[in-house]
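To keep things clear, I will list the structure first and then write my remarks on it.
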Amino acid sequence: MREIRTLLFSYQLNETLIERVENNPNLSFHQLDTRLVYFNYSSPDFQKYWHYKVPFGSFFFVSIVGLLAVGADRKYFYSIIIVHTTVLLITSAIFLLDVSTYYWLLIICDLLSRYLIPLCSIGMIPLAVIDKRRSKVGFQVGETESTL
C-alpha cells in the first residue's frame with residue numbers, strides 16, 4: 001500500500017508543479033516525507049504554512065481496523081473509501097492548476113488533509129457503533145422512541 005501512496009503522491013507533485021513553485025518568489029515547499037509536503041507562502045506582510053498529506057494513510061488504516069472491530073456494515077467501509085478517494089481527486093485537480101498563481105487553493109488541500117480525513121475516518125467508528133446499537137434495539141433510520 002505504501003508504494004501505491006508514494007506513486008500517487010509523486011503523480012500529484014509532478015515536475016510541472018515543482019517548477020511552478022520554484023519559479024514563484026513567494027511560494028516554496030518542503031517535502032518532509034514521501035507522502036507529506038509543507039507549502040510556505042510569504043510576502044512582506046504575510047506568511048502562512050499549509051501542509052498536505054496524501055490520503056489512504058494511517059487514518060484510513062485505523063478506521064478500517066476500527067470498523068472491522070465493531071462489525072460495521074459495508075456502507076461505512078464504502079463511505080471511508082469514497083471520502084479518501086474524493087480528497088485525492090480534489091487535491092489532484094488543485095495541483096493540476098497553477099498553484100503558484102492560485103496559492104489560496106492550498107488552503108483547501110490543508111483543510112482536507114488536516115481536518116476532513118481524520119474527522120471522517122475516526123468519526124465513522126462511533127457512527128457504526130450507534131447504528132449497530134440502534135439496529136439491535138429495533139430502531140430504523142429516522143424513527144424515534146415516540147413513533148414506536
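Residues in the C-alpha cells are numbered from 1 in each chain, the chains being A, B, ... in the order shown, and ligands are numbered from 1 in the order shown.
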Would you kindly return, as a PDB file with N, CA, C and O atoms, in the first residue's frame, each protein, DNA or RNA residue with an atom no farther than 12 Å from any atom of region 33-46 of chain A, considering only C-alpha atoms and excluding same-chain residues fewer than 5 positions away?
```pdb
ATOM      1  N   ARG A   2       2.012   1.206   0.677  1.00  0.00           N
ATOM      2  CA  ARG A   2       2.895   2.371   0.724  1.00  0.00           C
ATOM      3  C   ARG A   2       3.390   2.765  -0.661  1.00  0.00           C
ATOM      4  O   ARG A   2       3.496   3.938  -0.990  1.00  0.00           O
ATOM      5  N   GLU A   3       3.716   1.767  -1.465  1.00  0.00           N
ATOM      6  CA  GLU A   3       4.223   2.056  -2.793  1.00  0.00           C
ATOM      7  C   GLU A   3       3.171   2.756  -3.641  1.00  0.00           C
ATOM      8  O   GLU A   3       3.489   3.677  -4.394  1.00  0.00           O
ATOM      9  N   ILE A   4       1.928   2.346  -3.489  1.00  0.00           N
ATOM     10  CA  ILE A   4       0.836   2.970  -4.243  1.00  0.00           C
ATOM     11  C   ILE A   4       0.668   4.415  -3.797  1.00  0.00           C
ATOM     12  O   ILE A   4       0.524   5.319  -4.632  1.00  0.00           O
ATOM     13  N   ARG A   5       0.692   4.659  -2.482  1.00  0.00           N
ATOM     14  CA  ARG A   5       0.564   6.030  -1.981  1.00  0.00           C
ATOM     15  C   ARG A   5       1.737   6.889  -2.438  1.00  0.00           C
ATOM     16  O   ARG A   5       1.574   8.055  -2.781  1.00  0.00           O
ATOM     17  N   THR A   6       2.932   6.335  -2.446  1.00  0.00           N
ATOM     18  CA  THR A   6       4.102   7.088  -2.900  1.00  0.00           C
ATOM     19  C   THR A   6       3.971   7.425  -4.376  1.00  0.00           C
ATOM     20  O   THR A   6       4.297   8.539  -4.795  1.00  0.00           O
ATOM     21  N   LEU A   7       3.487   6.501  -5.185  1.00  0.00           N
ATOM     22  CA  LEU A   7       3.263   6.779  -6.607  1.00  0.00           C
ATOM     23  C   LEU A   7       2.194   7.844  -6.807  1.00  0.00           C
ATOM     24  O   LEU A   7       2.334   8.723  -7.656  1.00  0.00           O
ATOM     25  N   LEU A   8       1.114   7.774  -6.028  1.00  0.00           N
ATOM     26  CA  LEU A   8       0.067   8.793  -6.122  1.00  0.00           C
ATOM     27  C   LEU A   8       0.610  10.164  -5.746  1.00  0.00           C
ATOM     28  O   LEU A   8       0.313  11.165  -6.391  1.00  0.00           O
ATOM     29  N   PHE A   9       1.423  10.203  -4.719  1.00  0.00           N
ATOM     30  CA  PHE A   9       2.000  11.461  -4.266  1.00  0.00           C
ATOM     31  C   PHE A   9       2.948  12.034  -5.316  1.00  0.00           C
ATOM     32  O   PHE A   9       2.923  13.230  -5.600  1.00  0.00           O
ATOM     33  N   SER A  10       3.786  11.190  -5.901  1.00  0.00           N
ATOM     34  CA  SER A  10       4.698  11.681  -6.930  1.00  0.00           C
ATOM     35  C   SER A  10       3.933  12.093  -8.181  1.00  0.00           C
ATOM     36  O   SER A  10       4.350  13.013  -8.882  1.00  0.00           O
ATOM     37  N   TYR A  11       2.796  11.454  -8.444  1.00  0.00           N
ATOM     38  CA  TYR A  11       1.942  11.880  -9.560  1.00  0.00           C
ATOM     39  C   TYR A  11       1.351  13.262  -9.271  1.00  0.00           C
ATOM     40  O   TYR A  11       1.303  14.114 -10.150  1.00  0.00           O
ATOM     41  N   GLN A  12       0.901  13.475  -8.043  1.00  0.00           N
ATOM     42  CA  GLN A  12       0.314  14.766  -7.691  1.00  0.00           C
ATOM     43  C   GLN A  12       1.350  15.876  -7.697  1.00  0.00           C
ATOM     44  O   GLN A  12       1.101  16.963  -8.191  1.00  0.00           O
ATOM     45  N   LEU A  13       2.501  15.633  -7.125  1.00  0.00           N
ATOM     46  CA  LEU A  13       3.570  16.640  -7.102  1.00  0.00           C
ATOM     47  C   LEU A  13       4.498  16.396  -8.289  1.00  0.00           C
ATOM     48  O   LEU A  13       5.664  16.080  -8.150  1.00  0.00           O
ATOM     49  N   LEU A  17       4.397  21.076 -11.412  1.00  0.00           N
ATOM     50  CA  LEU A  17       4.065  21.759 -10.151  1.00  0.00           C
ATOM     51  C   LEU A  17       5.332  22.222  -9.444  1.00  0.00           C
ATOM     52  O   LEU A  17       5.408  23.357  -8.972  1.00  0.00           O
ATOM     53  N   ILE A  18       6.321  21.366  -9.388  1.00  0.00           N
ATOM     54  CA  ILE A  18       7.574  21.715  -8.716  1.00  0.00           C
ATOM     55  C   ILE A  18       8.237  22.906  -9.405  1.00  0.00           C
ATOM     56  O   ILE A  18       8.697  23.838  -8.744  1.00  0.00           O
ATOM     57  N   VAL A  21       6.291  26.160  -8.614  1.00  0.00           N
ATOM     58  CA  VAL A  21       6.521  26.620  -7.241  1.00  0.00           C
ATOM     59  C   VAL A  21       7.935  27.189  -7.109  1.00  0.00           C
ATOM     60  O   VAL A  21       8.135  28.219  -6.463  1.00  0.00           O
ATOM     61  N   GLU A  22       8.908  26.522  -7.715  1.00  0.00           N
ATOM     62  CA  GLU A  22      10.285  27.000  -7.617  1.00  0.00           C
ATOM     63  C   GLU A  22      10.478  28.341  -8.314  1.00  0.00           C
ATOM     64  O   GLU A  22      11.343  29.119  -7.925  1.00  0.00           O
ATOM     65  N   ASN A  24       8.259  30.725  -8.386  1.00  0.00           N
ATOM     66  CA  ASN A  24       7.489  31.744  -7.688  1.00  0.00           C
ATOM     67  C   ASN A  24       8.311  32.243  -6.490  1.00  0.00           C
ATOM     68  O   ASN A  24       8.698  31.455  -5.629  1.00  0.00           O
ATOM     69  N   PRO A  25       8.548  33.543  -6.402  1.00  0.00           N
ATOM     70  CA  PRO A  25       9.371  34.039  -5.288  1.00  0.00           C
ATOM     71  C   PRO A  25       8.665  33.995  -3.932  1.00  0.00           C
ATOM     72  O   PRO A  25       9.317  33.987  -2.900  1.00  0.00           O
ATOM     73  N   ASN A  26       7.332  33.940  -3.929  1.00  0.00           N
ATOM     74  CA  ASN A  26       6.588  33.965  -2.666  1.00  0.00           C
ATOM     75  C   ASN A  26       6.214  32.585  -2.146  1.00  0.00           C
ATOM     76  O   ASN A  26       5.824  32.445  -1.000  1.00  0.00           O
ATOM     77  N   LEU A  27       6.295  31.567  -2.993  1.00  0.00           N
ATOM     78  CA  LEU A  27       5.825  30.236  -2.622  1.00  0.00           C
ATOM     79  C   LEU A  27       6.983  29.250  -2.683  1.00  0.00           C
ATOM     80  O   LEU A  27       7.749  29.238  -3.641  1.00  0.00           O
ATOM     81  N   SER A  28       7.104  28.449  -1.649  1.00  0.00           N
ATOM     82  CA  SER A  28       8.105  27.386  -1.637  1.00  0.00           C
ATOM     83  C   SER A  28       7.484  26.166  -0.973  1.00  0.00           C
ATOM     84  O   SER A  28       6.438  26.250  -0.343  1.00  0.00           O
ATOM     85  N   HIS A  51      -0.027  22.340   4.865  1.00  0.00           N
ATOM     86  CA  HIS A  51       0.549  21.027   4.637  1.00  0.00           C
ATOM     87  C   HIS A  51      -0.438  20.168   3.871  1.00  0.00           C
ATOM     88  O   HIS A  51      -1.643  20.418   3.844  1.00  0.00           O
ATOM     89  N   TYR A  52       0.109  19.172   3.225  1.00  0.00           N
ATOM     90  CA  TYR A  52      -0.713  18.214   2.503  1.00  0.00           C
ATOM     91  C   TYR A  52      -0.108  16.834   2.703  1.00  0.00           C
ATOM     92  O   TYR A  52       1.091  16.635   2.551  1.00  0.00           O
ATOM     93  N   LYS A  53      -0.962  15.908   3.071  1.00  0.00           N
ATOM     94  CA  LYS A  53      -0.569  14.510   3.220  1.00  0.00           C
ATOM     95  C   LYS A  53      -1.508  13.682   2.368  1.00  0.00           C
ATOM     96  O   LYS A  53      -2.730  13.846   2.441  1.00  0.00           O
ATOM     97  N   VAL A  54      -0.959  12.825   1.574  1.00  0.00           N
ATOM     98  CA  VAL A  54      -1.765  12.040   0.648  1.00  0.00           C
ATOM     99  C   VAL A  54      -2.714  11.134   1.440  1.00  0.00           C
ATOM    100  O   VAL A  54      -2.358  10.606   2.495  1.00  0.00           O
ATOM    101  N   PRO A  55      -3.978  10.985   0.974  1.00  0.00           N
ATOM    102  CA  PRO A  55      -4.942  10.128   1.683  1.00  0.00           C
ATOM    103  C   PRO A  55      -4.551   8.645   1.653  1.00  0.00           C
ATOM    104  O   PRO A  55      -3.568   8.272   1.040  1.00  0.00           O
ATOM    105  N   PHE A  56      -5.375   7.841   2.257  1.00  0.00           N
ATOM    106  CA  PHE A  56      -5.193   6.394   2.368  1.00  0.00           C
ATOM    107  C   PHE A  56      -3.970   6.056   3.217  1.00  0.00           C
ATOM    108  O   PHE A  56      -3.235   5.123   2.934  1.00  0.00           O
ATOM    109  N   GLY A  57      -3.788   6.810   4.283  1.00  0.00           N
ATOM    110  CA  GLY A  57      -2.662   6.582   5.178  1.00  0.00           C
ATOM    111  C   GLY A  57      -3.094   5.956   6.484  1.00  0.00           C
ATOM    112  O   GLY A  57      -3.935   5.048   6.530  1.00  0.00           O
ATOM    113  N   SER A  58      -2.522   6.454   7.550  1.00  0.00           N
ATOM    114  CA  SER A  58      -2.763   5.870   8.868  1.00  0.00           C
ATOM    115  C   SER A  58      -4.206   6.027   9.322  1.00  0.00           C
ATOM    116  O   SER A  58      -4.759   5.127   9.962  1.00  0.00           O
ATOM    117  N   VAL A  99      -0.666  26.432  -9.091  1.00  0.00           N
ATOM    118  CA  VAL A  99      -0.706  26.705  -7.657  1.00  0.00           C
ATOM    119  C   VAL A  99       0.097  27.953  -7.319  1.00  0.00           C
ATOM    120  O   VAL A  99      -0.198  28.646  -6.350  1.00  0.00           O
ATOM    121  N   SER A 100       1.079  28.266  -8.115  1.00  0.00           N
ATOM    122  CA  SER A 100       1.865  29.464  -7.827  1.00  0.00           C
ATOM    123  C   SER A 100       1.028  30.728  -8.012  1.00  0.00           C
ATOM    124  O   SER A 100       1.262  31.728  -7.350  1.00  0.00           O
ATOM    125  N   THR A 101       0.047  30.684  -8.892  1.00  0.00           N
ATOM    126  CA  THR A 101      -0.856  31.818  -9.075  1.00  0.00           C
ATOM    127  C   THR A 101      -2.041  31.730  -8.118  1.00  0.00           C
ATOM    128  O   THR A 101      -2.419  32.702  -7.488  1.00  0.00           O
ATOM    129  N   TYR A 102      -2.631  30.555  -8.027  1.00  0.00           N
ATOM    130  CA  TYR A 102      -3.797  30.333  -7.163  1.00  0.00           C
ATOM    131  C   TYR A 102      -3.362  29.657  -5.866  1.00  0.00           C
ATOM    132  O   TYR A 102      -3.865  28.604  -5.497  1.00  0.00           O
ATOM    133  N   TYR A 103      -2.436  30.285  -5.164  1.00  0.00           N
ATOM    134  CA  TYR A 103      -1.881  29.687  -3.947  1.00  0.00           C
ATOM    135  C   TYR A 103      -2.931  29.491  -2.869  1.00  0.00           C
ATOM    136  O   TYR A 103      -2.805  28.624  -2.024  1.00  0.00           O
ATOM    137  N   TRP A 104      -4.005  30.277  -2.886  1.00  0.00           N
ATOM    138  CA  TRP A 104      -5.047  30.158  -1.867  1.00  0.00           C
ATOM    139  C   TRP A 104      -5.762  28.812  -1.956  1.00  0.00           C
ATOM    140  O   TRP A 104      -6.387  28.379  -0.998  1.00  0.00           O
ATOM    141  N   LEU A 105      -5.657  28.107  -3.078  1.00  0.00           N
ATOM    142  CA  LEU A 105      -6.252  26.773  -3.183  1.00  0.00           C
ATOM    143  C   LEU A 105      -5.544  25.761  -2.281  1.00  0.00           C
ATOM    144  O   LEU A 105      -6.105  24.717  -1.951  1.00  0.00           O
ATOM    145  N   LEU A 106      -4.327  26.091  -1.875  1.00  0.00           N
ATOM    146  CA  LEU A 106      -3.616  25.204  -0.957  1.00  0.00           C
ATOM    147  C   LEU A 106      -4.301  25.137   0.402  1.00  0.00           C
ATOM    148  O   LEU A 106      -4.119  24.172   1.141  1.00  0.00           O
ATOM    149  N   ILE A 107      -5.100  26.141   0.725  1.00  0.00           N
ATOM    150  CA  ILE A 107      -5.889  26.110   1.957  1.00  0.00           C
ATOM    151  C   ILE A 107      -6.848  24.923   1.926  1.00  0.00           C
ATOM    152  O   ILE A 107      -7.041  24.236   2.933  1.00  0.00           O
ATOM    153  N   CYS A 109      -6.454  22.082   0.267  1.00  0.00           N
ATOM    154  CA  CYS A 109      -5.666  20.864   0.484  1.00  0.00           C
ATOM    155  C   CYS A 109      -5.338  20.681   1.958  1.00  0.00           C
ATOM    156  O   CYS A 109      -5.414  19.566   2.485  1.00  0.00           O
ATOM    157  N   ASP A 110      -4.977  21.772   2.605  1.00  0.00           N
ATOM    158  CA  ASP A 110      -4.644  21.732   4.020  1.00  0.00           C
ATOM    159  C   ASP A 110      -5.856  21.320   4.851  1.00  0.00           C
ATOM    160  O   ASP A 110      -5.757  20.444   5.717  1.00  0.00           O
ATOM    161  N   SER A 113      -6.757  17.516   4.215  1.00  0.00           N
ATOM    162  CA  SER A 113      -5.850  16.516   4.780  1.00  0.00           C
ATOM    163  C   SER A 113      -5.659  16.661   6.288  1.00  0.00           C
ATOM    164  O   SER A 113      -5.381  15.684   6.967  1.00  0.00           O
ATOM    165  N   ARG A 114      -5.845  17.864   6.811  1.00  0.00           N
ATOM    166  CA  ARG A 114      -5.631  18.066   8.240  1.00  0.00           C
ATOM    167  C   ARG A 114      -6.893  17.814   9.071  1.00  0.00           C
ATOM    168  O   ARG A 114      -6.805  17.373  10.213  1.00  0.00           O
TER     169      ARG A 114
END
```
Every residue of chain A that DSSP places in strand (DSSP E), as a short mmCIF file (atom, residue, chain, number, x, y, z; two decimals) with all heavy atoms, in the first residue's frame:
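Saved result, selection_27.cif, follows:
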```cif
data_model
loop_
_atom_site.label_atom_id
_atom_site.label_comp_id
_atom_site.auth_asym_id
_atom_site.auth_seq_id
_atom_site.Cartn_x
_atom_site.Cartn_y
_atom_site.Cartn_z
N LEU A 27 6.29 31.57 -2.99
CA LEU A 27 5.83 30.24 -2.62
C LEU A 27 6.98 29.25 -2.68
O LEU A 27 7.75 29.24 -3.64
CB LEU A 27 4.71 29.80 -3.56
CG LEU A 27 3.97 28.52 -3.24
CD1 LEU A 27 3.20 28.65 -1.92
CD2 LEU A 27 2.99 28.18 -4.35
N SER A 28 7.10 28.45 -1.65
CA SER A 28 8.10 27.39 -1.64
C SER A 28 7.48 26.17 -0.97
O SER A 28 6.44 26.25 -0.34
CB SER A 28 9.36 27.82 -0.88
OG SER A 28 9.06 28.04 0.47
N PHE A 29 8.13 25.05 -1.14
CA PHE A 29 7.63 23.85 -0.47
C PHE A 29 8.80 23.02 0.03
O PHE A 29 9.91 23.10 -0.48
CB PHE A 29 6.71 23.04 -1.38
CG PHE A 29 7.41 22.26 -2.45
CD1 PHE A 29 7.69 20.93 -2.27
CD2 PHE A 29 7.77 22.87 -3.64
CE1 PHE A 29 8.33 20.21 -3.25
CE2 PHE A 29 8.40 22.16 -4.62
CZ PHE A 29 8.69 20.82 -4.43
N HIS A 30 8.50 22.24 1.05
CA HIS A 30 9.49 21.37 1.67
C HIS A 30 8.87 19.99 1.77
O HIS A 30 7.87 19.82 2.47
CB HIS A 30 9.89 21.86 3.06
CG HIS A 30 10.29 23.30 3.07
ND1 HIS A 30 11.51 23.73 2.60
CD2 HIS A 30 9.63 24.40 3.46
CE1 HIS A 30 11.58 25.03 2.72
NE2 HIS A 30 10.45 25.47 3.24
N GLN A 31 9.42 19.05 1.06
CA GLN A 31 8.92 17.69 1.12
C GLN A 31 9.59 16.99 2.29
O GLN A 31 10.80 16.79 2.31
CB GLN A 31 9.21 16.96 -0.19
CG GLN A 31 8.54 15.62 -0.27
CD GLN A 31 8.62 15.03 -1.67
OE1 GLN A 31 8.89 15.73 -2.63
NE2 GLN A 31 8.38 13.74 -1.76
N LEU A 36 4.29 13.53 2.41
CA LEU A 36 3.96 14.72 3.17
C LEU A 36 4.76 15.90 2.65
O LEU A 36 5.97 15.80 2.44
CB LEU A 36 4.26 14.51 4.66
CG LEU A 36 4.04 15.69 5.60
CD1 LEU A 36 2.56 16.06 5.66
CD2 LEU A 36 4.56 15.36 6.98
N VAL A 37 4.08 17.03 2.46
CA VAL A 37 4.74 18.23 1.96
C VAL A 37 4.18 19.44 2.67
O VAL A 37 3.00 19.48 3.02
CB VAL A 37 4.59 18.35 0.42
CG1 VAL A 37 3.16 18.58 0.02
CG2 VAL A 37 5.48 19.43 -0.15
N TYR A 38 5.04 20.42 2.94
CA TYR A 38 4.63 21.70 3.52
C TYR A 38 4.85 22.79 2.48
O TYR A 38 5.92 22.87 1.89
CB TYR A 38 5.45 22.04 4.77
CG TYR A 38 4.97 21.35 6.00
CD1 TYR A 38 5.58 20.18 6.43
CD2 TYR A 38 3.91 21.85 6.73
CE1 TYR A 38 5.14 19.54 7.56
CE2 TYR A 38 3.47 21.21 7.87
CZ TYR A 38 4.09 20.06 8.28
OH TYR A 38 3.65 19.42 9.40
N PHE A 39 3.83 23.60 2.28
CA PHE A 39 3.93 24.76 1.40
C PHE A 39 4.08 25.99 2.28
O PHE A 39 3.40 26.13 3.28
CB PHE A 39 2.67 24.89 0.53
CG PHE A 39 2.55 23.83 -0.51
CD1 PHE A 39 1.82 22.68 -0.25
CD2 PHE A 39 3.15 23.97 -1.74
CE1 PHE A 39 1.69 21.69 -1.22
CE2 PHE A 39 3.03 23.00 -2.71
CZ PHE A 39 2.31 21.86 -2.44
N ASN A 40 4.95 26.88 1.87
CA ASN A 40 5.19 28.11 2.61
C ASN A 40 4.94 29.28 1.67
O ASN A 40 5.60 29.42 0.64
CB ASN A 40 6.62 28.14 3.12
CG ASN A 40 6.95 29.42 3.85
OD1 ASN A 40 6.06 30.15 4.27
ND2 ASN A 40 8.22 29.70 4.00
N TYR A 41 3.97 30.12 2.03
CA TYR A 41 3.71 31.33 1.27
C TYR A 41 4.14 32.51 2.12
O TYR A 41 3.71 32.64 3.26
CB TYR A 41 2.23 31.47 0.91
CG TYR A 41 1.95 32.72 0.13
CD1 TYR A 41 2.19 32.76 -1.23
CD2 TYR A 41 1.48 33.86 0.75
CE1 TYR A 41 1.96 33.92 -1.95
CE2 TYR A 41 1.25 35.02 0.04
CZ TYR A 41 1.49 35.04 -1.31
OH TYR A 41 1.28 36.19 -2.03
N SER A 42 5.00 33.34 1.56
CA SER A 42 5.45 34.50 2.32
C SER A 42 5.48 35.72 1.41
O SER A 42 5.94 35.67 0.29
CB SER A 42 6.82 34.26 2.92
OG SER A 42 7.76 34.00 1.90
N SER A 43 4.93 36.78 1.93
CA SER A 43 5.00 38.08 1.29
C SER A 43 5.51 39.05 2.35
O SER A 43 5.68 38.65 3.51
CB SER A 43 3.63 38.49 0.74
OG SER A 43 2.71 38.67 1.78
N PHE A 46 2.82 38.99 5.17
CA PHE A 46 2.02 37.79 5.43
C PHE A 46 2.90 36.55 5.24
O PHE A 46 3.69 36.47 4.31
CB PHE A 46 0.84 37.76 4.47
CG PHE A 46 -0.06 36.58 4.62
CD1 PHE A 46 -0.92 36.48 5.70
CD2 PHE A 46 -0.07 35.57 3.68
CE1 PHE A 46 -1.76 35.39 5.84
CE2 PHE A 46 -0.91 34.49 3.81
CZ PHE A 46 -1.75 34.40 4.89
N GLN A 47 2.73 35.58 6.13
CA GLN A 47 3.40 34.30 5.96
C GLN A 47 2.47 33.21 6.46
O GLN A 47 1.87 33.32 7.53
CB GLN A 47 4.72 34.25 6.72
CG GLN A 47 5.45 32.96 6.48
CD GLN A 47 6.86 33.00 7.01
OE1 GLN A 47 7.27 33.94 7.68
NE2 GLN A 47 7.63 31.97 6.72
N LYS A 48 2.35 32.16 5.68
CA LYS A 48 1.45 31.08 6.04
C LYS A 48 2.03 29.75 5.58
O LYS A 48 2.65 29.66 4.53
CB LYS A 48 0.08 31.31 5.37
CG LYS A 48 -0.96 30.32 5.74
CD LYS A 48 -1.34 30.43 7.19
CE LYS A 48 -2.41 29.41 7.52
NZ LYS A 48 -2.65 29.25 8.90
N TYR A 49 1.83 28.73 6.42
CA TYR A 49 2.25 27.37 6.09
C TYR A 49 1.01 26.51 5.89
O TYR A 49 0.06 26.59 6.68
CB TYR A 49 3.07 26.76 7.23
CG TYR A 49 4.43 27.35 7.37
CD1 TYR A 49 4.66 28.36 8.29
CD2 TYR A 49 5.48 26.89 6.60
CE1 TYR A 49 5.92 28.91 8.44
CE2 TYR A 49 6.74 27.44 6.74
CZ TYR A 49 6.95 28.44 7.66
OH TYR A 49 8.19 28.98 7.79
N TRP A 50 1.02 25.71 4.85
CA TRP A 50 -0.03 24.72 4.62
C TRP A 50 0.63 23.38 4.42
O TRP A 50 1.71 23.28 3.85
CB TRP A 50 -0.85 25.07 3.38
CG TRP A 50 -1.55 26.37 3.46
CD1 TRP A 50 -2.55 26.72 4.30
CD2 TRP A 50 -1.31 27.53 2.66
NE1 TRP A 50 -2.95 28.01 4.08
CE2 TRP A 50 -2.20 28.53 3.07
CE3 TRP A 50 -0.42 27.82 1.63
CZ2 TRP A 50 -2.24 29.78 2.50
CZ3 TRP A 50 -0.45 29.07 1.05
CH2 TRP A 50 -1.35 30.03 1.48
N HIS A 51 -0.03 22.34 4.87
CA HIS A 51 0.55 21.03 4.64
C HIS A 51 -0.44 20.17 3.87
O HIS A 51 -1.64 20.42 3.84
CB HIS A 51 0.98 20.37 5.95
CG HIS A 51 -0.03 19.47 6.58
ND1 HIS A 51 -1.09 19.92 7.31
CD2 HIS A 51 -0.12 18.13 6.58
CE1 HIS A 51 -1.79 18.89 7.74
NE2 HIS A 51 -1.22 17.80 7.31
N TYR A 52 0.11 19.17 3.22
CA TYR A 52 -0.71 18.21 2.50
C TYR A 52 -0.11 16.83 2.70
O TYR A 52 1.09 16.64 2.55
CB TYR A 52 -0.77 18.52 1.00
CG TYR A 52 -1.43 17.41 0.23
CD1 TYR A 52 -2.79 17.16 0.38
CD2 TYR A 52 -0.70 16.58 -0.61
CE1 TYR A 52 -3.39 16.12 -0.30
CE2 TYR A 52 -1.30 15.55 -1.28
CZ TYR A 52 -2.63 15.32 -1.12
OH TYR A 52 -3.24 14.29 -1.78
N LYS A 53 -0.96 15.91 3.07
CA LYS A 53 -0.57 14.51 3.22
C LYS A 53 -1.51 13.68 2.37
O LYS A 53 -2.73 13.85 2.44
CB LYS A 53 -0.67 14.10 4.70
CG LYS A 53 -0.12 12.75 4.98
CD LYS A 53 -0.13 12.47 6.47
CE LYS A 53 0.46 11.11 6.74
NZ LYS A 53 0.40 10.79 8.16
#
```
Using DSSP on the backbone coordinates, identify the residues of chain A assigned to alpha helix (DSSP H); present them as a ChimeraX atom specification. /A:2-12,15-22,58-70,74-96,106-111,117-137
With distances taken over only C-alpha atoms, which of A:Ser135, A:Thr16, A:Ser121, A:Asn23 is nearest to Ser79 (chain A)? A:Ser121
Interatomic distance between CA of Met124 (chain A) and CA of Ser63 (chain A)?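 Atom-to-atom, CA of Met124 (chain A) to CA of Ser63 (chain A), that is 7.1 Å.
Candidate residues A:Val137, A:Leu127, A:Ile117, A:Ala72 were compared for distance to Thr86 (chain A), and the nearest is A:Ile117, using only C-alpha atoms.
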Could you please determine the separation between CA of Val62 (chain A) and CA of Leu111 (chain A) in Å, to one decimal place? 19.8 Å
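In this structure, CA of Phe60 (chain A) sits 8.4 Å away from CA of Pro118 (chain A).
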